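The next block is data.tsv, given as TSV, N, CA and C atoms.
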chain	number	residue	atom	x	y	z
A	26	MET	N	0.85	-1.19	0.00
A	26	MET	CA	0.00	0.00	0.00
A	26	MET	C	0.88	1.24	0.00
A	27	LEU	N	0.48	2.22	-0.75
A	27	LEU	CA	1.20	3.48	-0.87
A	27	LEU	C	0.20	4.60	-0.70
A	28	THR	N	0.58	5.63	0.04
A	28	THR	CA	-0.24	6.83	0.16
A	28	THR	C	0.47	7.91	-0.63
A	29	LEU	N	-0.22	8.48	-1.62
A	29	LEU	CA	0.37	9.46	-2.52
A	29	LEU	C	-0.31	10.81	-2.32
A	30	PHE	N	0.49	11.83	-2.08
A	30	PHE	CA	0.00	13.18	-1.86
A	30	PHE	C	0.20	13.98	-3.15
A	31	TYR	N	-0.86	14.56	-3.66
A	31	TYR	CA	-0.78	15.26	-4.94
A	31	TYR	C	-1.55	16.57	-4.89
A	32	ASP	N	-1.25	17.44	-5.84
A	32	ASP	CA	-1.91	18.73	-5.94
A	32	ASP	C	-3.04	18.63	-6.95
A	33	GLY	N	-4.24	18.45	-6.47
A	33	GLY	CA	-5.40	18.32	-7.35
A	33	GLY	C	-5.74	19.58	-8.12
A	34	ALA	N	-5.17	20.73	-7.73
A	34	ALA	CA	-5.43	21.98	-8.43
A	34	ALA	C	-4.49	22.17	-9.62
A	35	CYS	N	-3.50	21.31	-9.75
A	35	CYS	CA	-2.54	21.39	-10.85
A	35	CYS	C	-3.03	20.48	-11.98
A	36	PRO	N	-3.33	21.03	-13.15
A	36	PRO	CA	-3.84	20.20	-14.25
A	36	PRO	C	-2.90	19.05	-14.65
A	37	LEU	N	-1.60	19.29	-14.67
A	37	LEU	CA	-0.66	18.21	-15.00
A	37	LEU	C	-0.70	17.12	-13.94
A	38	CYS	N	-0.72	17.53	-12.68
A	38	CYS	CA	-0.77	16.57	-11.57
A	38	CYS	C	-2.07	15.77	-11.62
A	39	ALA	N	-3.17	16.48	-11.84
A	39	ALA	CA	-4.48	15.83	-11.89
A	39	ALA	C	-4.54	14.81	-13.02
A	40	ARG	N	-3.92	15.13	-14.15
A	40	ARG	CA	-3.91	14.21	-15.29
A	40	ARG	C	-3.11	12.95	-14.94
A	41	GLU	N	-1.96	13.14	-14.29
A	41	GLU	CA	-1.12	12.00	-13.89
A	41	GLU	C	-1.86	11.12	-12.88
A	42	ILE	N	-2.52	11.74	-11.92
A	42	ILE	CA	-3.26	11.00	-10.90
A	42	ILE	C	-4.43	10.25	-11.54
A	43	ALA	N	-5.11	10.87	-12.48
A	43	ALA	CA	-6.21	10.18	-13.17
A	43	ALA	C	-5.69	8.93	-13.88
A	44	ALA	N	-4.53	9.04	-14.50
A	44	ALA	CA	-3.94	7.87	-15.16
A	44	ALA	C	-3.58	6.80	-14.14
A	45	LEU	N	-2.98	7.20	-13.04
A	45	LEU	CA	-2.64	6.24	-11.98
A	45	LEU	C	-3.89	5.55	-11.45
A	46	LYS	N	-4.92	6.34	-11.16
A	46	LYS	CA	-6.17	5.77	-10.64
A	46	LYS	C	-6.77	4.78	-11.63
A	47	GLY	N	-6.66	5.10	-12.89
A	47	GLY	CA	-7.18	4.19	-13.92
A	47	GLY	C	-6.48	2.85	-13.94
A	48	HIS	N	-5.21	2.83	-13.56
A	48	HIS	CA	-4.43	1.59	-13.54
A	48	HIS	C	-4.45	0.92	-12.17
A	49	ASP	N	-4.95	1.59	-11.16
A	49	ASP	CA	-4.95	1.06	-9.79
A	49	ASP	C	-6.16	0.15	-9.55
A	50	VAL	N	-6.23	-0.92	-10.32
A	50	VAL	CA	-7.38	-1.83	-10.25
A	50	VAL	C	-7.46	-2.59	-8.93
A	51	ASN	N	-6.33	-2.72	-8.24
A	51	ASN	CA	-6.32	-3.43	-6.95
A	51	ASN	C	-6.37	-2.49	-5.76
A	52	ASN	N	-6.58	-1.21	-6.02
A	52	ASN	CA	-6.66	-0.20	-4.95
A	52	ASN	C	-5.47	-0.27	-3.99
A	53	VAL	N	-4.27	-0.24	-4.55
A	53	VAL	CA	-3.05	-0.31	-3.72
A	53	VAL	C	-2.50	1.07	-3.38
A	54	ILE	N	-3.11	2.11	-3.95
A	54	ILE	CA	-2.67	3.47	-3.65
A	54	ILE	C	-3.82	4.24	-3.03
A	55	SER	N	-3.49	4.92	-1.94
A	55	SER	CA	-4.43	5.85	-1.32
A	55	SER	C	-4.02	7.25	-1.78
A	56	PHE	N	-4.93	7.96	-2.40
A	56	PHE	CA	-4.64	9.27	-2.96
A	56	PHE	C	-5.11	10.38	-2.02
A	57	VAL	N	-4.22	11.31	-1.71
A	57	VAL	CA	-4.55	12.42	-0.83
A	57	VAL	C	-4.30	13.72	-1.58
A	58	ASP	N	-5.37	14.46	-1.84
A	58	ASP	CA	-5.24	15.78	-2.46
A	58	ASP	C	-4.81	16.75	-1.37
A	59	ILE	N	-3.64	17.36	-1.54
A	59	ILE	CA	-3.11	18.23	-0.49
A	59	ILE	C	-3.96	19.49	-0.30
A	60	ASN	N	-4.86	19.77	-1.22
A	60	ASN	CA	-5.75	20.92	-1.08
A	60	ASN	C	-6.95	20.61	-0.20
A	61	ASP	N	-7.14	19.35	0.13
A	61	ASP	CA	-8.22	18.93	1.02
A	61	ASP	C	-7.67	18.93	2.45
A	62	GLN	N	-7.94	20.01	3.17
A	62	GLN	CA	-7.37	20.18	4.50
A	62	GLN	C	-7.78	19.07	5.48
A	63	VAL	N	-8.99	18.54	5.32
A	63	VAL	CA	-9.44	17.46	6.20
A	63	VAL	C	-8.59	16.21	5.95
A	64	GLN	N	-8.41	15.86	4.68
A	64	GLN	CA	-7.59	14.69	4.35
A	64	GLN	C	-6.15	14.90	4.80
A	65	LEU	N	-5.57	16.05	4.46
A	65	LEU	CA	-4.17	16.32	4.77
A	65	LEU	C	-3.93	16.36	6.27
A	66	SER	N	-4.91	16.80	7.05
A	66	SER	CA	-4.74	16.89	8.50
A	66	SER	C	-4.55	15.53	9.16
A	67	GLN	N	-4.89	14.46	8.45
A	67	GLN	CA	-4.68	13.11	8.98
A	67	GLN	C	-3.21	12.72	8.93
A	68	TYR	N	-2.38	13.55	8.29
A	68	TYR	CA	-0.95	13.28	8.15
A	68	TYR	C	-0.17	14.51	8.63
A	69	PRO	N	-0.12	14.72	9.95
A	69	PRO	CA	0.51	15.95	10.48
A	69	PRO	C	2.00	16.09	10.14
A	70	HIS	N	2.64	15.00	9.79
A	70	HIS	CA	4.06	15.06	9.44
A	70	HIS	C	4.29	15.46	7.98
A	71	ILE	N	3.20	15.65	7.21
A	71	ILE	CA	3.30	16.12	5.83
A	71	ILE	C	2.67	17.51	5.78
A	72	SER	N	3.50	18.53	5.56
A	72	SER	CA	2.95	19.88	5.51
A	72	SER	C	2.51	20.22	4.08
A	73	TYR	N	1.54	21.11	4.00
A	73	TYR	CA	1.04	21.54	2.70
A	73	TYR	C	2.18	22.13	1.86
A	74	SER	N	2.98	23.01	2.46
A	74	SER	CA	4.04	23.67	1.70
A	74	SER	C	5.09	22.68	1.20
A	75	ASP	N	5.44	21.70	2.02
A	75	ASP	CA	6.40	20.67	1.58
A	75	ASP	C	5.80	19.84	0.45
A	76	ALA	N	4.54	19.44	0.61
A	76	ALA	CA	3.88	18.62	-0.41
A	76	ALA	C	3.63	19.41	-1.69
A	77	GLN	N	3.46	20.71	-1.55
A	77	GLN	CA	3.28	21.57	-2.72
A	77	GLN	C	4.60	21.70	-3.49
A	78	ALA	N	5.72	21.65	-2.79
A	78	ALA	CA	7.03	21.82	-3.42
A	78	ALA	C	7.50	20.58	-4.15
A	79	VAL	N	7.16	19.40	-3.61
A	79	VAL	CA	7.64	18.15	-4.20
A	79	VAL	C	6.65	17.03	-3.88
A	80	LEU	N	6.47	16.13	-4.83
A	80	LEU	CA	5.57	14.99	-4.65
A	80	LEU	C	6.00	14.18	-3.43
A	81	HIS	N	5.05	13.80	-2.60
A	81	HIS	CA	5.29	12.99	-1.40
A	81	HIS	C	4.50	11.69	-1.47
A	82	ALA	N	5.05	10.66	-0.89
A	82	ALA	CA	4.34	9.39	-0.72
A	82	ALA	C	4.82	8.75	0.57
A	83	ILE	N	3.99	7.89	1.11
A	83	ILE	CA	4.37	7.10	2.28
A	83	ILE	C	4.17	5.64	1.89
A	84	ASP	N	5.24	4.85	2.01
A	84	ASP	CA	5.14	3.44	1.62
A	84	ASP	C	4.59	2.60	2.77
A	85	ALA	N	4.44	1.31	2.53
A	85	ALA	CA	3.84	0.39	3.51
A	85	ALA	C	4.64	0.32	4.81
A	86	GLN	N	5.93	0.60	4.74
A	86	GLN	CA	6.78	0.57	5.93
A	86	GLN	C	6.80	1.91	6.66
A	87	GLY	N	6.08	2.91	6.14
A	87	GLY	CA	6.03	4.22	6.77
A	87	GLY	C	7.13	5.17	6.31
A	88	ASN	N	7.90	4.76	5.32
A	88	ASN	CA	8.96	5.62	4.79
A	88	ASN	C	8.36	6.71	3.90
A	89	ILE	N	8.88	7.92	4.04
A	89	ILE	CA	8.44	9.00	3.18
A	89	ILE	C	9.32	9.01	1.93
A	90	LEU	N	8.66	8.97	0.79
A	90	LEU	CA	9.34	9.02	-0.50
A	90	LEU	C	9.06	10.38	-1.12
A	91	LEU	N	10.07	10.95	-1.75
A	91	LEU	CA	9.93	12.28	-2.32
A	91	LEU	C	10.24	12.29	-3.81
A	92	GLY	N	9.58	13.19	-4.53
A	92	GLY	CA	9.88	13.43	-5.93
A	92	GLY	C	9.74	12.20	-6.80
A	93	LEU	N	10.80	11.94	-7.58
A	93	LEU	CA	10.76	10.80	-8.49
A	93	LEU	C	10.68	9.47	-7.75
A	94	ASP	N	11.23	9.40	-6.53
A	94	ASP	CA	11.10	8.16	-5.76
A	94	ASP	C	9.62	7.85	-5.52
A	95	ALA	N	8.84	8.89	-5.20
A	95	ALA	CA	7.40	8.72	-4.99
A	95	ALA	C	6.70	8.36	-6.29
A	96	ASN	N	7.06	9.04	-7.36
A	96	ASN	CA	6.44	8.79	-8.66
A	96	ASN	C	6.72	7.38	-9.15
A	97	VAL	N	7.97	6.96	-9.09
A	97	VAL	CA	8.34	5.62	-9.54
A	97	VAL	C	7.65	4.55	-8.67
A	98	ALA	N	7.61	4.78	-7.37
A	98	ALA	CA	6.95	3.82	-6.46
A	98	ALA	C	5.47	3.68	-6.81
A	99	ALA	N	4.82	4.80	-7.12
A	99	ALA	CA	3.39	4.76	-7.46
A	99	ALA	C	3.16	3.93	-8.73
A	100	TRP	N	3.96	4.19	-9.76
A	100	TRP	CA	3.79	3.44	-11.00
A	100	TRP	C	4.16	1.96	-10.82
A	101	ASN	N	5.14	1.69	-9.97
A	101	ASN	CA	5.48	0.29	-9.67
A	101	ASN	C	4.32	-0.42	-8.98
A	102	CYS	N	3.63	0.31	-8.10
A	102	CYS	CA	2.49	-0.28	-7.38
A	102	CYS	C	1.40	-0.77	-8.32
A	103	VAL	N	1.21	-0.05	-9.41
A	103	VAL	CA	0.15	-0.44	-10.35
A	103	VAL	C	0.69	-1.28	-11.50
A	104	GLY	N	1.98	-1.59	-11.46
A	104	GLY	CA	2.57	-2.47	-12.46
A	104	GLY	C	2.69	-1.86	-13.84
A	105	LYS	N	2.85	-0.56	-13.90
A	105	LYS	CA	2.95	0.14	-15.20
A	105	LYS	C	4.21	1.00	-15.22
A	106	MET	N	4.61	1.35	-16.43
A	106	MET	CA	5.74	2.25	-16.68
A	106	MET	C	7.03	1.79	-15.99
A	107	ALA	N	7.33	0.52	-16.10
A	107	ALA	CA	8.52	-0.06	-15.47
A	107	ALA	C	9.80	0.63	-15.93
A	108	TRP	N	9.79	1.22	-17.11
A	108	TRP	CA	10.97	1.91	-17.62
A	108	TRP	C	11.41	3.05	-16.70
A	109	LEU	N	10.48	3.58	-15.87
A	109	LEU	CA	10.83	4.66	-14.94
A	109	LEU	C	11.90	4.23	-13.94
A	110	ASN	N	12.02	2.92	-13.69
A	110	ASN	CA	13.02	2.43	-12.73
A	110	ASN	C	14.43	2.81	-13.14
A	111	VAL	N	14.67	3.00	-14.43
A	111	VAL	CA	16.00	3.41	-14.88
A	111	VAL	C	16.37	4.78	-14.29
A	112	LEU	N	15.38	5.59	-13.98
A	112	LEU	CA	15.63	6.91	-13.40
A	112	LEU	C	16.18	6.83	-11.97
A	113	ARG	N	16.15	5.65	-11.39
A	113	ARG	CA	16.67	5.46	-10.03
A	113	ARG	C	18.07	4.85	-10.05
A	114	ALA	N	18.63	4.57	-11.21
A	114	ALA	CA	20.01	4.07	-11.31
A	114	ALA	C	20.95	5.18	-10.82
A	115	PRO	N	22.03	4.82	-10.11
A	115	PRO	CA	22.87	5.82	-9.42
A	115	PRO	C	23.24	7.08	-10.22
A	116	VAL	N	23.84	6.96	-11.37
A	116	VAL	CA	24.26	8.15	-12.11
A	116	VAL	C	23.06	8.89	-12.69
A	117	ILE	N	22.11	8.15	-13.24
A	117	ILE	CA	20.92	8.76	-13.84
A	117	ILE	C	20.07	9.44	-12.77
A	118	LYS	N	20.01	8.88	-11.56
A	118	LYS	CA	19.21	9.42	-10.46
A	118	LYS	C	19.56	10.88	-10.19
A	119	VAL	N	20.84	11.18	-10.14
A	119	VAL	CA	21.29	12.55	-9.85
A	119	VAL	C	20.76	13.52	-10.90
A	120	ILE	N	20.89	13.14	-12.15
A	120	ILE	CA	20.45	13.99	-13.26
A	120	ILE	C	18.93	14.09	-13.29
A	121	ALA	N	18.26	12.95	-13.17
A	121	ALA	CA	16.79	12.92	-13.21
A	121	ALA	C	16.20	13.72	-12.05
A	122	ASP	N	16.78	13.60	-10.87
A	122	ASP	CA	16.29	14.35	-9.71
A	122	ASP	C	16.46	15.85	-9.90
A	123	PHE	N	17.56	16.27	-10.52
A	123	PHE	CA	17.78	17.68	-10.81
A	123	PHE	C	16.66	18.20	-11.72
A	124	PHE	N	16.40	17.47	-12.81
A	124	PHE	CA	15.36	17.91	-13.74
A	124	PHE	C	13.98	17.84	-13.10
A	125	TYR	N	13.75	16.86	-12.24
A	125	TYR	CA	12.46	16.79	-11.55
A	125	TYR	C	12.27	18.01	-10.65
A	126	ARG	N	13.32	18.38	-9.91
A	126	ARG	CA	13.22	19.56	-9.03
A	126	ARG	C	12.90	20.82	-9.83
A	127	MET	N	13.51	20.95	-11.02
A	127	MET	CA	13.21	22.11	-11.88
A	127	MET	C	11.76	22.05	-12.35
A	128	PHE	N	11.33	20.87	-12.78
A	128	PHE	CA	9.95	20.72	-13.20
A	128	PHE	C	8.99	21.05	-12.04
A	129	ALA	N	9.27	20.49	-10.86
A	129	ALA	CA	8.38	20.71	-9.71
A	129	ALA	C	8.30	22.19	-9.35
A	130	LYS	N	9.41	22.87	-9.44
A	130	LYS	CA	9.45	24.30	-9.10
A	130	LYS	C	8.58	25.12	-10.05
A	131	TYR	N	8.56	24.75	-11.31
A	131	TYR	CA	7.86	25.54	-12.33
A	131	TYR	C	6.63	24.83	-12.90
A	132	ARG	N	6.15	23.78	-12.21
A	132	ARG	CA	5.06	22.98	-12.77
A	132	ARG	C	3.77	23.76	-12.98
A	133	THR	N	3.48	24.73	-12.11
A	133	THR	CA	2.24	25.49	-12.31
A	133	THR	C	2.33	26.36	-13.56
A	134	LYS	N	3.51	26.94	-13.81
A	134	LYS	CA	3.68	27.73	-15.03
A	134	LYS	C	3.64	26.82	-16.26
A	135	ILE	N	4.32	25.67	-16.17
A	135	ILE	CA	4.31	24.71	-17.28
A	135	ILE	C	2.89	24.23	-17.54
A	136	SER	N	2.18	23.92	-16.47
A	136	SER	CA	0.81	23.45	-16.58
A	136	SER	C	-0.07	24.50	-17.22
A	137	GLY	N	0.11	25.75	-16.82
A	137	GLY	CA	-0.67	26.84	-17.41
A	137	GLY	C	-0.41	26.99	-18.89
A	138	LEU	N	0.86	26.90	-19.28
A	138	LEU	CA	1.21	27.01	-20.70
A	138	LEU	C	0.59	25.87	-21.50
A	139	ILE	N	0.71	24.65	-20.98
A	139	ILE	CA	0.17	23.49	-21.69
A	139	ILE	C	-1.35	23.56	-21.74
A	140	SER	N	-1.97	23.92	-20.62
A	140	SER	CA	-3.43	23.98	-20.57
A	140	SER	C	-3.97	25.05	-21.50
A	141	SER	N	-3.34	26.24	-21.51
A	141	SER	CA	-3.85	27.30	-22.39
A	141	SER	C	-3.61	26.94	-23.85
A	142	LYS	N	-2.48	26.30	-24.15
A	142	LYS	CA	-2.22	25.88	-25.52
A	142	LYS	C	-3.24	24.82	-25.94
A	143	HIS	N	-3.53	23.86	-25.04
A	143	HIS	CA	-4.53	22.83	-25.33
A	143	HIS	C	-5.89	23.47	-25.56
A	144	CYS	N	-6.24	24.44	-24.71
A	144	CYS	CA	-7.53	25.11	-24.84
A	144	CYS	C	-7.61	25.86	-26.17
A	145	GLN	N	-6.53	26.57	-26.52
A	145	GLN	CA	-6.53	27.31	-27.78
A	145	GLN	C	-6.70	26.36	-28.96
A	146	GLN	N	-6.00	25.23	-28.93
A	146	GLN	CA	-6.10	24.27	-30.03
A	146	GLN	C	-7.49	23.65	-30.09
A	147	SER	N	-8.02	23.23	-28.94
A	147	SER	CA	-9.34	22.58	-28.95
A	147	SER	C	-10.45	23.57	-29.25
A	148	CYS	N	-10.30	24.82	-28.84
A	148	CYS	CA	-11.32	25.82	-29.15
A	148	CYS	C	-11.36	26.10	-30.64
A	149	ARG	N	-10.18	26.10	-31.29
A	149	ARG	CA	-10.14	26.30	-32.74
A	149	ARG	C	-10.85	25.16	-33.46
A	150	ARG	N	-10.74	23.95	-32.89
A	150	ARG	CA	-11.39	22.78	-33.52
A	150	ARG	C	-12.87	22.70	-33.15
A	151	GLY	N	-13.27	23.46	-32.12
A	151	GLY	CA	-14.65	23.40	-31.67
A	151	GLY	C	-14.89	22.35	-30.61
A	152	ASP	N	-13.79	21.80	-30.01
A	152	ASP	CA	-13.94	20.82	-28.93
A	152	ASP	C	-14.35	21.53	-27.65
A	153	GLU	N	-14.95	20.78	-26.77
A	153	GLU	CA	-15.32	21.33	-25.47
A	153	GLU	C	-14.31	21.04	-24.40
A	154	SER	N	-13.38	20.11	-24.62
A	154	SER	CA	-12.42	19.74	-23.59
A	154	SER	C	-11.19	20.62	-23.63
In structure tokens, what does this structure look like?
Amino acid sequence: MLTLFYDGACPLCAREIAALKGHDVNNVISFVDINDQVQLSQYPHISYSDAQAVLHAIDAQGNILLGLDANVAAWNCVGKMAWLNVLRAPVIKVIADFFYRMFAKYRTKISGLISSKHCQQSCRRGDES
């Protein structure tokens, strides 16, 4: 069992969580939206600001996993995207973690750019999504 803390207000995060939930057929992940103060208050050792800065998870042994460690663990739980494990190899881990930290820092701006671009494209086509 894994508890995954995510930002439900972030479109990129929400999309990733929706994909994870779709693959979590055995309900091995408990999802906690950090914007839900009632849910988050059940985990006093996880602060909103820390969880907002970097993805957090708690594994079955109670270990806190951060960033790509949390992401890879979540996908491993649902048996998908096994290729992500290469990101945890010693030399690659350092590089991948650097890029993850940059992504995490600017994810709301990146999400806004992608969302507005998607909206512009779909509006031109007449889509509602």
Atom N of Val79 in chain A and atom N of Gly92 in chain A, how far apart in Å?
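We find that atom N of Gly92 in chain A and atom N of Val79 in chain A lie 6.7 Å from each other.
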Could you name the residues that touch range 33-43 of chain A at 7 Å or less, counting all atoms listed in the file, but leaving out those on the same chain fewer than 2 positions away, as number ranges by chain?
A: 31, 45-48, 57-60, 133, 136-137
Which is closest to Ala99 in chain A among A:Val111, A:Ile83, A:Ala121, A:Leu65, if we use only C-alpha atoms?
A:Ile83
Assign secondary structure with DSSP using the backbone only, and return the residues of range 40-153 of chain A in strand (DSSP E or B) as a list in words.
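Checking each residue of range 40-153 of chain A, the strand (DSSP E or B) ones are Ile54, Ser55, Phe56, Val57, Asp58, His81, Ala82, Ile83, Ile89, Leu90 and Leu91 of chain A.
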Excluding same-chain residues fewer than 6 positions from Asp122 in chain A, what lies within 12 Å of it counting only C-alpha atoms, as a CSV table (one decimal) with N, CA and C atoms, keeping the file's coordinate frame?
chain,number,residue,atom,x,y,z
A,79,VAL,N,7.2,19.4,-3.6
A,79,VAL,CA,7.6,18.2,-4.2
A,79,VAL,C,6.6,17.0,-3.9
A,80,LEU,N,6.5,16.1,-4.8
A,80,LEU,CA,5.6,15.0,-4.6
A,80,LEU,C,6.0,14.2,-3.4
A,91,LEU,N,10.1,11.0,-1.8
A,91,LEU,CA,9.9,12.3,-2.3
A,91,LEU,C,10.2,12.3,-3.8
A,92,GLY,N,9.6,13.2,-4.5
A,92,GLY,CA,9.9,13.4,-5.9
A,92,GLY,C,9.7,12.2,-6.8
A,93,LEU,N,10.8,11.9,-7.6
A,93,LEU,CA,10.8,10.8,-8.5
A,93,LEU,C,10.7,9.5,-7.8
A,94,ASP,N,11.2,9.4,-6.5
A,94,ASP,CA,11.1,8.2,-5.8
A,94,ASP,C,9.6,7.8,-5.5
A,95,ALA,N,8.8,8.9,-5.2
A,95,ALA,CA,7.4,8.7,-5.0
A,95,ALA,C,6.7,8.4,-6.3
A,96,ASN,N,7.1,9.0,-7.4
A,96,ASN,CA,6.4,8.8,-8.7
A,96,ASN,C,6.7,7.4,-9.2
A,97,VAL,N,8.0,7.0,-9.1
A,97,VAL,CA,8.3,5.6,-9.5
A,97,VAL,C,7.6,4.6,-8.7
A,112,LEU,N,15.4,5.6,-14.0
A,112,LEU,CA,15.6,6.9,-13.4
A,112,LEU,C,16.2,6.8,-12.0
A,113,ARG,N,16.2,5.6,-11.4
A,113,ARG,CA,16.7,5.5,-10.0
A,113,ARG,C,18.1,4.8,-10.0
A,114,ALA,N,18.6,4.6,-11.2
A,114,ALA,CA,20.0,4.1,-11.3
A,114,ALA,C,21.0,5.2,-10.8
A,115,PRO,N,22.0,4.8,-10.1
A,115,PRO,CA,22.9,5.8,-9.4
A,115,PRO,C,23.2,7.1,-10.2
A,116,VAL,N,23.8,7.0,-11.4
A,116,VAL,CA,24.3,8.2,-12.1
A,116,VAL,C,23.1,8.9,-12.7
A,128,PHE,N,11.3,20.9,-12.8
A,128,PHE,CA,10.0,20.7,-13.2
A,128,PHE,C,9.0,21.0,-12.0
A,129,ALA,N,9.3,20.5,-10.9
A,129,ALA,CA,8.4,20.7,-9.7
A,129,ALA,C,8.3,22.2,-9.4
DSSP says helix (DSSP H, G or I) for which residues of chain A? Put them as a ChimeraX atom specification?
/A:36-48,62-65,73-78,93-102,107-113,115-150
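Here the question is which of A:Arg132, A:Asn51, A:Asn110, A:Val119 gets nearest to Met26 in chain A using only C-alpha atoms, and that residue is A:Asn51.
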Between atom N of Lys134 in chain A and atom C of Val53 in chain A, what is the spacing in Å?
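Those two atoms sit 28.5 Å apart.
The gap separating CA of Leu29 in chain A from CA of Asn52 in chain A is 12.2 Å, in Å to one decimal.
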Applying 8 Å and all atoms listed in the file, which residues near Lys130 in chain A remain after dropping the ones on its own chain fewer than 6 positions away? List them as an MDAnalysis selection string.
chainID A and resid 77:79 124
Restricting the calculation to only C-alpha atoms, which member of A:Ile71, A:Leu90, A:Ala82, A:Met106 is positioned closest to Ala44 in chain A?
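With only C-alpha atoms as the atom set, the closest residue is A:Met106.
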Find the spatial neighbours of Val103 in chain A, counting all atoms listed in the file, within a cut-off of 6.5 Å - ignore same-chain residues fewer than 2 positions away - and output them as a PDB file with N, CA and C atoms, keeping the file's coordinate frame.
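Saved as out-v6.pdb:
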ATOM      1  N   HIS A  48      -5.210   2.830 -13.560  1.00  0.00           N
ATOM      2  CA  HIS A  48      -4.430   1.590 -13.540  1.00  0.00           C
ATOM      3  C   HIS A  48      -4.450   0.920 -12.170  1.00  0.00           C
ATOM      4  N   ASP A  49      -4.950   1.590 -11.160  1.00  0.00           N
ATOM      5  CA  ASP A  49      -4.950   1.060  -9.790  1.00  0.00           C
ATOM      6  C   ASP A  49      -6.160   0.150  -9.550  1.00  0.00           C
ATOM      7  N   VAL A  50      -6.230  -0.920 -10.320  1.00  0.00           N
ATOM      8  CA  VAL A  50      -7.380  -1.830 -10.250  1.00  0.00           C
ATOM      9  C   VAL A  50      -7.460  -2.590  -8.930  1.00  0.00           C
ATOM     10  N   ALA A  98       7.610   4.780  -7.370  1.00  0.00           N
ATOM     11  CA  ALA A  98       6.950   3.820  -6.460  1.00  0.00           C
ATOM     12  C   ALA A  98       5.470   3.680  -6.810  1.00  0.00           C
ATOM     13  N   ALA A  99       4.820   4.800  -7.120  1.00  0.00           N
ATOM     14  CA  ALA A  99       3.390   4.760  -7.460  1.00  0.00           C
ATOM     15  C   ALA A  99       3.160   3.930  -8.730  1.00  0.00           C
ATOM     16  N   TRP A 100       3.960   4.190  -9.760  1.00  0.00           N
ATOM     17  CA  TRP A 100       3.790   3.440 -11.000  1.00  0.00           C
ATOM     18  C   TRP A 100       4.160   1.960 -10.820  1.00  0.00           C
ATOM     19  N   ASN A 101       5.140   1.690  -9.970  1.00  0.00           N
ATOM     20  CA  ASN A 101       5.480   0.290  -9.670  1.00  0.00           C
ATOM     21  C   ASN A 101       4.320  -0.420  -8.980  1.00  0.00           C
ATOM     22  N   LYS A 105       2.850  -0.560 -13.900  1.00  0.00           N
ATOM     23  CA  LYS A 105       2.950   0.140 -15.200  1.00  0.00           C
ATOM     24  C   LYS A 105       4.210   1.000 -15.220  1.00  0.00           C
TER      25      LYS A 105
END
